[in-house]
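Below is query.cif, holding mmCIF, C-alpha atoms.
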```
data_my_file
loop_
_atom_site.group_PDB
_atom_site.id
_atom_site.type_symbol
_atom_site.label_atom_id
_atom_site.label_comp_id
_atom_site.auth_asym_id
_atom_site.auth_seq_id
_atom_site.Cartn_x
_atom_site.Cartn_y
_atom_site.Cartn_z
ATOM 1 C CA MET A 711 -6.293 -30.013 -26.619
ATOM 2 C CA TYR A 712 -8.184 -28.348 -23.781
ATOM 3 C CA LYS A 713 -11.062 -26.067 -24.725
ATOM 4 C CA ILE A 714 -11.661 -22.734 -23.007
ATOM 5 C CA LEU A 715 -15.344 -22.691 -22.087
ATOM 6 C CA GLU A 716 -15.532 -19.286 -20.407
ATOM 7 C CA LYS A 717 -13.343 -16.228 -19.986
ATOM 8 C CA GLN A 718 -13.938 -13.265 -17.691
ATOM 9 C CA SER A 719 -11.870 -10.207 -16.865
ATOM 10 C CA LEU A 720 -11.782 -9.673 -13.093
ATOM 11 C CA ASN A 721 -9.757 -6.462 -13.189
ATOM 12 C CA PRO A 722 -7.415 -4.790 -15.699
ATOM 13 C CA THR A 723 -4.640 -7.360 -15.114
ATOM 14 C CA VAL A 724 -6.414 -10.471 -13.823
ATOM 15 C CA SER A 725 -8.641 -12.876 -15.769
ATOM 16 C CA ARG A 726 -10.533 -16.073 -15.055
ATOM 17 C CA MET A 727 -10.883 -19.020 -17.444
ATOM 18 C CA VAL A 728 -12.973 -22.166 -17.188
ATOM 19 C CA ILE A 729 -11.290 -25.083 -18.961
ATOM 20 C CA ASP A 730 -12.800 -28.340 -20.163
ATOM 21 C CA ALA A 731 -10.517 -30.830 -18.375
ATOM 22 C CA PRO A 732 -12.581 -33.709 -16.947
ATOM 23 C CA ARG A 733 -9.659 -35.918 -15.869
ATOM 24 C CA VAL A 734 -8.083 -33.045 -13.932
ATOM 25 C CA ALA A 735 -11.408 -31.982 -12.421
ATOM 26 C CA LYS A 736 -12.091 -35.511 -11.201
ATOM 27 C CA LYS A 737 -9.044 -35.541 -8.899
ATOM 28 C CA ALA A 738 -8.615 -31.838 -8.119
ATOM 29 C CA MET A 739 -8.561 -30.628 -4.510
ATOM 30 C CA PRO A 740 -7.924 -27.233 -2.876
ATOM 31 C CA GLY A 741 -4.260 -26.240 -2.927
ATOM 32 C CA MET A 742 -3.313 -28.304 -5.977
ATOM 33 C CA PHE A 743 -2.097 -26.809 -9.244
ATOM 34 C CA ILE A 744 -1.828 -27.435 -12.968
ATOM 35 C CA ILE A 745 0.891 -26.698 -15.513
ATOM 36 C CA LEU A 746 -0.208 -25.416 -18.892
ATOM 37 C CA ARG A 747 1.229 -24.497 -22.270
ATOM 38 C CA VAL A 748 -0.611 -22.049 -24.484
ATOM 39 C CA ASP A 749 0.811 -23.603 -27.673
ATOM 40 C CA GLY A 750 3.430 -26.096 -28.821
ATOM 41 C CA ASP A 751 6.210 -23.522 -28.673
ATOM 42 C CA GLY A 752 5.195 -22.068 -25.325
ATOM 43 C CA GLU A 753 6.787 -22.336 -21.899
ATOM 44 C CA ARG A 754 5.224 -24.333 -19.085
ATOM 45 C CA ILE A 755 3.683 -22.225 -16.337
ATOM 46 C CA PRO A 756 2.123 -23.409 -13.055
ATOM 47 C CA LEU A 757 -1.244 -22.031 -11.949
ATOM 48 C CA THR A 758 -3.082 -23.030 -8.816
ATOM 49 C CA ILE A 759 -6.554 -24.455 -9.355
ATOM 50 C CA ALA A 760 -9.017 -21.721 -8.421
ATOM 51 C CA ASP A 761 -12.119 -23.917 -8.686
ATOM 52 C CA TYR A 762 -13.235 -27.250 -10.098
ATOM 53 C CA ASP A 763 -16.421 -29.156 -10.863
ATOM 54 C CA ALA A 764 -15.992 -32.912 -11.197
ATOM 55 C CA ASP A 765 -19.539 -33.381 -12.488
ATOM 56 C CA LYS A 766 -19.143 -30.836 -15.281
ATOM 57 C CA GLY A 767 -15.518 -31.786 -15.898
ATOM 58 C CA THR A 768 -14.278 -28.213 -15.608
ATOM 59 C CA VAL A 769 -11.302 -26.555 -13.939
ATOM 60 C CA THR A 770 -11.106 -22.816 -13.290
ATOM 61 C CA ILE A 771 -7.834 -20.899 -13.375
ATOM 62 C CA ILE A 772 -7.237 -17.282 -12.429
ATOM 63 C CA TYR A 773 -4.077 -15.600 -13.645
ATOM 64 C CA GLN A 774 -2.390 -12.222 -13.583
ATOM 65 C CA ILE A 775 -0.874 -10.808 -16.757
ATOM 66 C CA VAL A 776 2.727 -10.350 -15.631
ATOM 67 C CA GLY A 777 4.880 -11.935 -18.329
ATOM 68 C CA ALA A 778 5.025 -13.030 -21.936
ATOM 69 C CA THR A 779 3.167 -16.312 -21.432
ATOM 70 C CA THR A 780 0.296 -14.894 -19.382
ATOM 71 C CA ARG A 781 -0.062 -12.132 -21.970
ATOM 72 C CA LYS A 782 -0.246 -14.767 -24.719
ATOM 73 C CA LEU A 783 -2.734 -16.755 -22.631
ATOM 74 C CA ASP A 784 -4.916 -13.697 -22.178
ATOM 75 C CA ARG A 785 -5.257 -13.261 -25.935
ATOM 76 C CA LEU A 786 -7.273 -16.476 -26.057
ATOM 77 C CA ASN A 787 -11.045 -16.473 -25.656
ATOM 78 C CA ALA A 788 -13.898 -18.917 -25.138
ATOM 79 C CA GLY A 789 -13.774 -21.501 -27.893
ATOM 80 C CA ASP A 790 -9.983 -21.438 -28.210
ATOM 81 C CA VAL A 791 -7.873 -24.343 -26.950
ATOM 82 C CA LEU A 792 -4.765 -24.820 -24.822
ATOM 83 C CA CYS A 793 -2.004 -27.149 -25.968
ATOM 84 C CA ASP A 794 -1.308 -28.707 -22.538
ATOM 85 C CA PHE A 795 -3.146 -28.696 -19.220
ATOM 86 C CA VAL A 796 -1.443 -31.130 -16.842
ATOM 87 C CA GLY A 797 -2.562 -31.950 -13.320
ATOM 88 C CA PRO A 798 -3.648 -31.939 -10.658
ATOM 89 C CA LEU A 799 -0.156 -31.612 -9.188
ATOM 90 C CA GLY A 800 1.155 -31.001 -5.686
ATOM 91 C CA ARG A 801 -0.313 -31.985 -2.351
ATOM 92 C CA PRO A 802 -3.817 -30.816 -1.402
ATOM 93 C CA THR A 803 -4.229 -28.465 1.523
ATOM 94 C CA GLU A 804 -4.807 -30.402 4.756
ATOM 95 C CA LEU A 805 -8.099 -29.179 6.214
ATOM 96 C CA ASP A 806 -9.539 -32.093 8.203
ATOM 97 C CA GLY A 807 -10.184 -31.397 11.865
ATOM 98 C CA LEU A 808 -9.953 -27.610 11.624
ATOM 99 C CA LYS A 809 -12.758 -25.842 13.470
ATOM 100 C CA LYS A 810 -11.834 -22.172 13.168
ATOM 101 C CA VAL A 811 -9.451 -20.791 10.566
ATOM 102 C CA ALA A 812 -8.291 -17.390 9.362
ATOM 103 C CA VAL A 813 -7.714 -17.393 5.593
ATOM 104 C CA ILE A 814 -5.516 -14.541 4.404
ATOM 105 C CA GLY A 815 -5.333 -13.668 0.712
ATOM 106 C CA GLY A 816 -3.237 -11.007 -0.975
ATOM 107 C CA GLY A 817 -3.836 -9.786 -4.537
ATOM 108 C CA VAL A 818 -4.147 -12.558 -7.092
ATOM 109 C CA GLY A 819 -3.269 -14.982 -4.278
ATOM 110 C CA CYS A 820 -6.942 -14.659 -3.324
ATOM 111 C CA ALA A 821 -7.684 -16.942 -6.259
ATOM 112 C CA ILE A 822 -5.675 -19.654 -4.502
ATOM 113 C CA ALA A 823 -7.130 -18.912 -1.077
ATOM 114 C CA LEU A 824 -10.772 -18.996 -2.179
ATOM 115 C CA PRO A 825 -11.125 -22.772 -2.808
ATOM 116 C CA THR A 826 -9.569 -23.377 0.600
ATOM 117 C CA ALA A 827 -12.059 -21.033 2.256
ATOM 118 C CA LYS A 828 -14.941 -22.666 0.366
ATOM 119 C CA LYS A 829 -13.875 -26.182 1.335
ATOM 120 C CA LEU A 830 -13.469 -25.227 4.999
ATOM 121 C CA HIS A 831 -16.932 -23.665 4.904
ATOM 122 C CA GLU A 832 -18.364 -26.875 3.400
ATOM 123 C CA LEU A 833 -16.691 -28.891 6.174
ATOM 124 C CA GLY A 834 -18.435 -26.762 8.798
ATOM 125 C CA ALA A 835 -15.429 -24.775 9.999
ATOM 126 C CA ALA A 836 -15.751 -21.152 11.067
ATOM 127 C CA VAL A 837 -13.901 -19.157 8.421
ATOM 128 C CA HIS A 838 -12.629 -15.616 8.922
ATOM 129 C CA SER A 839 -11.209 -14.224 5.684
ATOM 130 C CA VAL A 840 -8.966 -11.213 5.240
ATOM 131 C CA ILE A 841 -8.252 -10.170 1.656
ATOM 132 C CA GLY A 842 -5.939 -7.344 0.678
ATOM 133 C CA PHE A 843 -5.273 -5.299 -2.459
ATOM 134 C CA ARG A 844 -3.438 -2.126 -3.429
ATOM 135 C CA ASN A 845 -6.637 -0.287 -4.401
ATOM 136 C CA LYS A 846 -10.306 -0.755 -5.302
ATOM 137 C CA ASP A 847 -9.586 -1.309 -9.002
ATOM 138 C CA LEU A 848 -7.656 -4.493 -8.197
ATOM 139 C CA VAL A 849 -10.223 -6.107 -5.887
ATOM 140 C CA ILE A 850 -11.323 -9.586 -6.985
ATOM 141 C CA LEU A 851 -13.576 -12.296 -5.535
ATOM 142 C CA HIS A 852 -14.895 -10.199 -2.649
ATOM 143 C CA ASP A 853 -18.456 -11.534 -2.946
ATOM 144 C CA GLU A 854 -17.200 -15.103 -3.227
ATOM 145 C CA PHE A 855 -15.190 -14.747 -0.020
ATOM 146 C CA LYS A 856 -18.162 -13.241 1.799
ATOM 147 C CA SER A 857 -20.256 -16.254 0.798
ATOM 148 C CA ALA A 858 -17.648 -18.675 2.144
ATOM 149 C CA SER A 859 -16.859 -16.846 5.395
ATOM 150 C CA GLU A 860 -18.522 -16.001 8.677
ATOM 151 C CA LYS A 861 -16.472 -12.834 8.659
ATOM 152 C CA CYS A 862 -14.737 -11.244 5.671
ATOM 153 C CA VAL A 863 -12.517 -8.185 5.959
ATOM 154 C CA LEU A 864 -11.476 -6.284 2.831
ATOM 155 C CA MET A 865 -8.287 -4.218 3.090
ATOM 156 C CA THR A 866 -6.720 -1.819 0.587
ATOM 157 C CA ASP A 867 -3.430 -0.003 0.888
ATOM 158 C CA ASP A 868 -5.021 3.363 0.080
ATOM 159 C CA GLY A 869 -8.414 2.842 1.703
ATOM 160 C CA SER A 870 -10.290 3.164 -1.605
ATOM 161 C CA ALA A 871 -12.272 0.001 -0.759
ATOM 162 C CA GLY A 872 -12.939 -1.687 2.551
ATOM 163 C CA GLU A 873 -10.573 -0.594 5.309
ATOM 164 C CA LYS A 874 -7.252 1.165 4.857
ATOM 165 C CA GLY A 875 -4.211 -0.855 5.853
ATOM 166 C CA LEU A 876 -2.516 -4.214 5.509
ATOM 167 C CA VAL A 877 -3.905 -7.701 5.982
ATOM 168 C CA THR A 878 -1.701 -8.054 9.059
ATOM 169 C CA ASP A 879 -3.495 -5.075 10.640
ATOM 170 C CA ALA A 880 -6.866 -6.783 10.246
ATOM 171 C CA LEU A 881 -5.564 -10.179 11.352
ATOM 172 C CA GLU A 882 -4.053 -8.771 14.523
ATOM 173 C CA ARG A 883 -7.315 -6.993 15.354
ATOM 174 C CA LEU A 884 -9.186 -10.270 14.987
ATOM 175 C CA ILE A 885 -6.702 -12.052 17.244
ATOM 176 C CA LYS A 886 -6.824 -9.291 19.874
ATOM 177 C CA ALA A 887 -10.633 -9.417 19.743
ATOM 178 C CA GLY A 888 -10.402 -12.893 21.248
ATOM 179 C CA ASN A 889 -10.620 -15.112 18.188
ATOM 180 C CA THR A 890 -8.693 -18.329 18.732
ATOM 181 C CA TYR A 891 -7.703 -19.915 15.438
ATOM 182 C CA ASP A 892 -6.656 -23.513 14.955
ATOM 183 C CA GLU A 893 -4.673 -22.328 11.959
ATOM 184 C CA VAL A 894 -3.968 -19.351 9.757
ATOM 185 C CA ILE A 895 -3.657 -20.020 6.023
ATOM 186 C CA ALA A 896 -1.877 -17.233 4.129
ATOM 187 C CA ILE A 897 -1.574 -17.034 0.351
ATOM 188 C CA GLY A 898 -0.210 -14.096 -1.603
ATOM 189 C CA PRO A 899 2.997 -12.177 -2.288
ATOM 190 C CA LEU A 900 6.044 -13.537 -0.483
ATOM 191 C CA VAL A 901 6.514 -10.345 1.527
ATOM 192 C CA MET A 902 2.904 -10.471 2.698
ATOM 193 C CA MET A 903 3.192 -14.113 3.765
ATOM 194 C CA LYS A 904 6.481 -13.381 5.530
ATOM 195 C CA PHE A 905 4.927 -10.704 7.727
ATOM 196 C CA VAL A 906 1.769 -12.694 8.377
ATOM 197 C CA CYS A 907 4.050 -15.445 9.689
ATOM 198 C CA LYS A 908 6.025 -13.019 11.839
ATOM 199 C CA LEU A 909 2.756 -11.872 13.381
ATOM 200 C CA THR A 910 1.291 -15.332 14.014
ATOM 201 C CA GLU A 911 4.585 -16.590 15.415
ATOM 202 C CA ARG A 912 4.278 -14.000 18.172
ATOM 203 C CA TYR A 913 0.857 -15.376 19.052
ATOM 204 C CA GLY A 914 1.827 -19.032 18.675
ATOM 205 C CA ILE A 915 -0.693 -19.756 15.891
ATOM 206 C CA LYS A 916 0.162 -22.453 13.362
ATOM 207 C CA THR A 917 0.422 -20.891 9.911
ATOM 208 C CA VAL A 918 0.437 -22.556 6.512
ATOM 209 C CA VAL A 919 1.606 -20.733 3.392
ATOM 210 C CA SER A 920 1.325 -21.674 -0.288
ATOM 211 C CA MET A 921 4.621 -21.294 -2.150
ATOM 212 C CA ASN A 922 4.680 -20.714 -5.901
ATOM 213 C CA PRO A 923 8.344 -20.378 -6.943
ATOM 214 C CA ILE A 924 9.801 -20.800 -10.425
ATOM 215 C CA MET A 925 8.722 -24.207 -11.709
ATOM 216 C CA ILE A 926 9.374 -26.143 -14.922
ATOM 217 C CA ASP A 927 8.422 -29.816 -14.889
ATOM 218 C CA GLY A 928 6.266 -30.068 -11.760
ATOM 219 C CA THR A 929 7.693 -33.465 -10.777
ATOM 220 C CA GLY A 930 10.743 -32.489 -8.704
ATOM 221 C CA MET A 931 13.226 -33.333 -11.469
ATOM 222 C CA CYS A 932 14.338 -29.839 -12.497
ATOM 223 C CA GLY A 933 14.959 -28.422 -9.013
ATOM 224 C CA GLY A 934 13.796 -24.960 -10.061
ATOM 225 C CA CYS A 935 11.188 -24.741 -7.318
ATOM 226 C CA ARG A 936 13.503 -25.572 -4.432
ATOM 227 C CA LEU A 937 13.263 -23.644 -1.200
ATOM 228 C CA THR A 938 14.504 -23.990 2.344
ATOM 229 C CA VAL A 939 12.041 -25.090 5.022
ATOM 230 C CA GLY A 940 13.248 -25.748 8.537
ATOM 231 C CA GLY A 941 16.838 -25.784 7.302
ATOM 232 C CA GLU A 942 16.106 -28.498 4.726
ATOM 233 C CA MET A 943 15.748 -28.236 0.966
ATOM 234 C CA LYS A 944 12.211 -28.871 -0.275
ATOM 235 C CA PHE A 945 10.580 -28.827 -3.697
ATOM 236 C CA ALA A 946 7.342 -26.879 -3.931
ATOM 237 C CA CYS A 947 5.955 -29.060 -6.715
ATOM 238 C CA VAL A 948 6.101 -32.389 -4.853
ATOM 239 C CA ASP A 949 6.608 -31.483 -1.179
ATOM 240 C CA GLY A 950 4.141 -28.592 -1.330
ATOM 241 C CA PRO A 951 2.950 -26.133 -2.349
ATOM 242 C CA ASP A 952 1.818 -25.795 1.292
ATOM 243 C CA PHE A 953 4.453 -25.455 4.010
ATOM 244 C CA ASP A 954 4.750 -24.458 7.657
ATOM 245 C CA GLY A 955 5.179 -20.712 7.267
ATOM 246 C CA HIS A 956 7.209 -20.403 10.456
ATOM 247 C CA LYS A 957 9.897 -22.633 8.937
ATOM 248 C CA VAL A 958 10.128 -21.122 5.431
ATOM 249 C CA ASP A 959 13.230 -19.074 4.598
ATOM 250 C CA PHE A 960 11.329 -16.202 2.987
ATOM 251 C CA ASP A 961 14.393 -14.037 2.389
ATOM 252 C CA GLU A 962 15.964 -16.777 0.274
ATOM 253 C CA ALA A 963 12.692 -17.350 -1.593
ATOM 254 C CA ILE A 964 12.339 -13.636 -2.332
ATOM 255 C CA GLU A 965 15.904 -13.440 -3.640
ATOM 256 C CA ARG A 966 15.417 -16.499 -5.861
ATOM 257 C CA GLY A 967 12.194 -15.024 -7.182
ATOM 258 C CA ARG A 968 14.103 -12.017 -8.476
ATOM 259 C CA MET A 969 16.637 -14.046 -10.436
ATOM 260 C CA TYR A 970 14.734 -14.070 -13.719
ATOM 261 C CA SER A 971 12.869 -10.777 -13.429
ATOM 262 C CA GLU A 972 15.037 -9.037 -16.042
ATOM 263 C CA PHE A 973 14.718 -11.957 -18.465
ATOM 264 C CA GLU A 974 10.965 -12.043 -17.989
ATOM 265 C CA ARG A 975 10.711 -8.298 -18.576
ATOM 266 C CA HIS A 976 12.501 -8.633 -21.933
ATOM 267 C CA ALA A 977 10.322 -11.602 -22.918
ATOM 268 C CA TYR A 978 7.196 -9.637 -22.049
ATOM 269 C CA GLU A 979 8.334 -6.633 -24.078
ATOM 270 C CA LYS A 980 9.147 -8.888 -27.037
ATOM 271 C CA GLU A 981 5.699 -10.468 -26.883
ATOM 272 C CA CYS A 982 4.094 -7.021 -26.745
ATOM 273 C CA ASN A 983 6.067 -5.894 -29.804
ATOM 274 C CA LEU A 984 5.065 -9.013 -31.747
ATOM 275 C CA PHE A 985 1.427 -8.487 -30.887
ATOM 276 C CA ASN A 986 1.550 -4.822 -31.820
ATOM 277 C CA GLY A 987 3.205 -5.466 -35.180
ATOM 278 C CA GLY A 988 6.804 -4.872 -34.178
ATOM 279 C CA ASP A 989 8.807 -1.705 -34.494
ATOM 280 C CA LYS A 990 7.229 0.406 -37.205
ATOM 281 C CA ASN A 991 10.464 2.316 -37.619
ATOM 282 C CA GLY A 992 12.471 -0.850 -38.217
#
```

Take the structure from the file and write it as structure tokens.
Amino acid sequence: MYKILEKQSLNPTVSRMVIDAPRVAKKAMPGMFIILRVDGDGERIPLTIADYDADKGTVTIIYQIVGATTRKLDRLNAGDVLCDFVGPLGRPTELDGLKKVAVIGGGVGCAIALPTAKKLHELGAAVHSVIGFRNKDLVILHDEFKSASEKCVLMTDDGSAGEKGLVTDALERLIKAGNTYDEVIAIGPLVMMKFVCKLTERYGIKTVVSMNPIMIDGTGMCGGCRLTVGGEMKFACVDGPDFDGHKVDFDEAIERGRMYSEFERHAYEKECNLFNGGDKNG
């Protein structure tokens, strides 16, 4: 069992948990992920490691309440335990040798981008961060990004916080201002990463994206996380989750991501009904 040491709500749909998991913390690196089960009957869900402390033996996860399992997870509090917490899995983000990097985070993807920005900052790289959200109520980790970046630009779709516009607007301004990046690292919704890659391809800037498709076992056996990269089939759990964004077939990944949306919606509604005592008329 893995004890929840801390829980914090970051916005109405996103929470952070600190988990007592010393073996995972000892080998964790930016870009890697864990797979957890809330209880013995629960499904396995992958979550990227948002932070880790090998000395304290803790791993931090940040999750968005979007389905039945994340809703069940969010009912737990400090002192409760998780049934399974397996990891670290995947390949760590390759950061050695980078001198100047633009880190782009979208929505809850900022939780994945932050440890990368922090590690780059620790390595002495110049970090320019661009983080984007729909509105001010959904902003998370802004102060943390500012601490890990020489420059941090906050964007919101409606302009209610930071600047109005998309992360691609801010990134292009930075490029046109003369910033030469060794690499752009983009993490967030598939559509956001797709258009970041379209932009950087025009400027010839290497771009790495973190892919988080449907995943079951995390070892490459199930094939659920397959995607096409450079015309070849890859598995996000063992070949990634980081890939060359200019080679990813985003349209295929977006279509695959929609396959189980109806099933997940029904599962979420069922979980809500169970929590609320079921149908009072039934």

Excluding same-chain residues fewer than 5 positions from A:Ala788, what lies within 8 Å of it counting all atoms listed in the file, as number ranges by chain? A: 713-717

Could you jot down the atom CA of A:Ala821 to atom CA of A:Leu848 separation for me, Å, one decimal place? 12.6 Å

Residues near A:Glu942, cut-off 10 Å, only C-alpha atoms, skip fewer than 2 positions along chain, as an MDAnalysis selection string: chainID A and resid 936:940 944 957:959

So, counting only C-alpha atoms, which residue among A:Leu884, A:Ile926, A:Ile897, A:Ala858 is closest to A:Leu746?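 So, comparing all the options, the nearest one is A:Ile926.
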
Go through the shown structure with the PyMOL selection byres ((chain A and resi 876-880) around 8) and write out the matching residues as a PDB file with C-alpha atoms, in the frame of the given file.
```pdb
ATOM      1  CA  ILE A 814      -5.516 -14.541   4.404  1.00  0.00           C
ATOM      2  CA  GLY A 816      -3.237 -11.007  -0.975  1.00  0.00           C
ATOM      3  CA  VAL A 840      -8.966 -11.213   5.240  1.00  0.00           C
ATOM      4  CA  ILE A 841      -8.252 -10.170   1.656  1.00  0.00           C
ATOM      5  CA  GLY A 842      -5.939  -7.344   0.678  1.00  0.00           C
ATOM      6  CA  VAL A 863     -12.517  -8.185   5.959  1.00  0.00           C
ATOM      7  CA  MET A 865      -8.287  -4.218   3.090  1.00  0.00           C
ATOM      8  CA  THR A 866      -6.720  -1.819   0.587  1.00  0.00           C
ATOM      9  CA  ASP A 867      -3.430  -0.003   0.888  1.00  0.00           C
ATOM     10  CA  LYS A 874      -7.252   1.165   4.857  1.00  0.00           C
ATOM     11  CA  GLY A 875      -4.211  -0.855   5.853  1.00  0.00           C
ATOM     12  CA  LEU A 881      -5.564 -10.179  11.352  1.00  0.00           C
ATOM     13  CA  GLU A 882      -4.053  -8.771  14.523  1.00  0.00           C
ATOM     14  CA  ARG A 883      -7.315  -6.993  15.354  1.00  0.00           C
ATOM     15  CA  LEU A 884      -9.186 -10.270  14.987  1.00  0.00           C
ATOM     16  CA  PHE A 905       4.927 -10.704   7.727  1.00  0.00           C
ATOM     17  CA  VAL A 906       1.769 -12.694   8.377  1.00  0.00           C
ATOM     18  CA  LEU A 909       2.756 -11.872  13.381  1.00  0.00           C
TER      19      LEU A 909
END
```

Evaluate the PyMOL selection byres ((chain A and resi 766) around 9) and record the selected residues as a JSON list (two decimals) with C-alpha atoms, in the frame of the given file, following the chain and residue labels used in the document.
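The resulting file, out_8.json, is reproduced below:
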```json
[["chain", "number", "residue", "atom", "x", "y", "z"],
["A", 730, "ASP", "CA", -12.80, -28.34, -20.16],
["A", 732, "PRO", "CA", -12.58, -33.71, -16.95],
["A", 735, "ALA", "CA", -11.41, -31.98, -12.42],
["A", 762, "TYR", "CA", -13.24, -27.25, -10.10],
["A", 763, "ASP", "CA", -16.42, -29.16, -10.86],
["A", 764, "ALA", "CA", -15.99, -32.91, -11.20],
["A", 765, "ASP", "CA", -19.54, -33.38, -12.49],
["A", 767, "GLY", "CA", -15.52, -31.79, -15.90],
["A", 768, "THR", "CA", -14.28, -28.21, -15.61]]
```

Work out how far apart atom CA of A:Ala731 and atom CA of A:Gly934 are and give it in Å to one decimal.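 Between these atoms lies a distance of 26.4 Å.
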
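Counting from atom CA of A:Cys820, the distance to atom CA of A:Tyr712 is 24.6 Å.
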
In the coordinates of the file, take the point (-8.2, -1.5, -14.2) and a cut-off of 7 Å; then, counting only C-alpha atoms, name each qualifying protein, DNA or RNA residue as a PDB file with C-alpha atoms, in the frame of the given file.
```pdb
ATOM      1  CA  ASN A 721      -9.757  -6.462 -13.189  1.00  0.00           C
ATOM      2  CA  PRO A 722      -7.415  -4.790 -15.699  1.00  0.00           C
ATOM      3  CA  THR A 723      -4.640  -7.360 -15.114  1.00  0.00           C
ATOM      4  CA  ASP A 847      -9.586  -1.309  -9.002  1.00  0.00           C
ATOM      5  CA  LEU A 848      -7.656  -4.493  -8.197  1.00  0.00           C
TER       6      LEU A 848
END
```

Contacts of A:Gly807 within 12 Å, only C-alpha atoms, excl. fewer than 2 positions in-chain, as number ranges by chain: A: 804-805, 809-811, 830, 833-836, 892-893
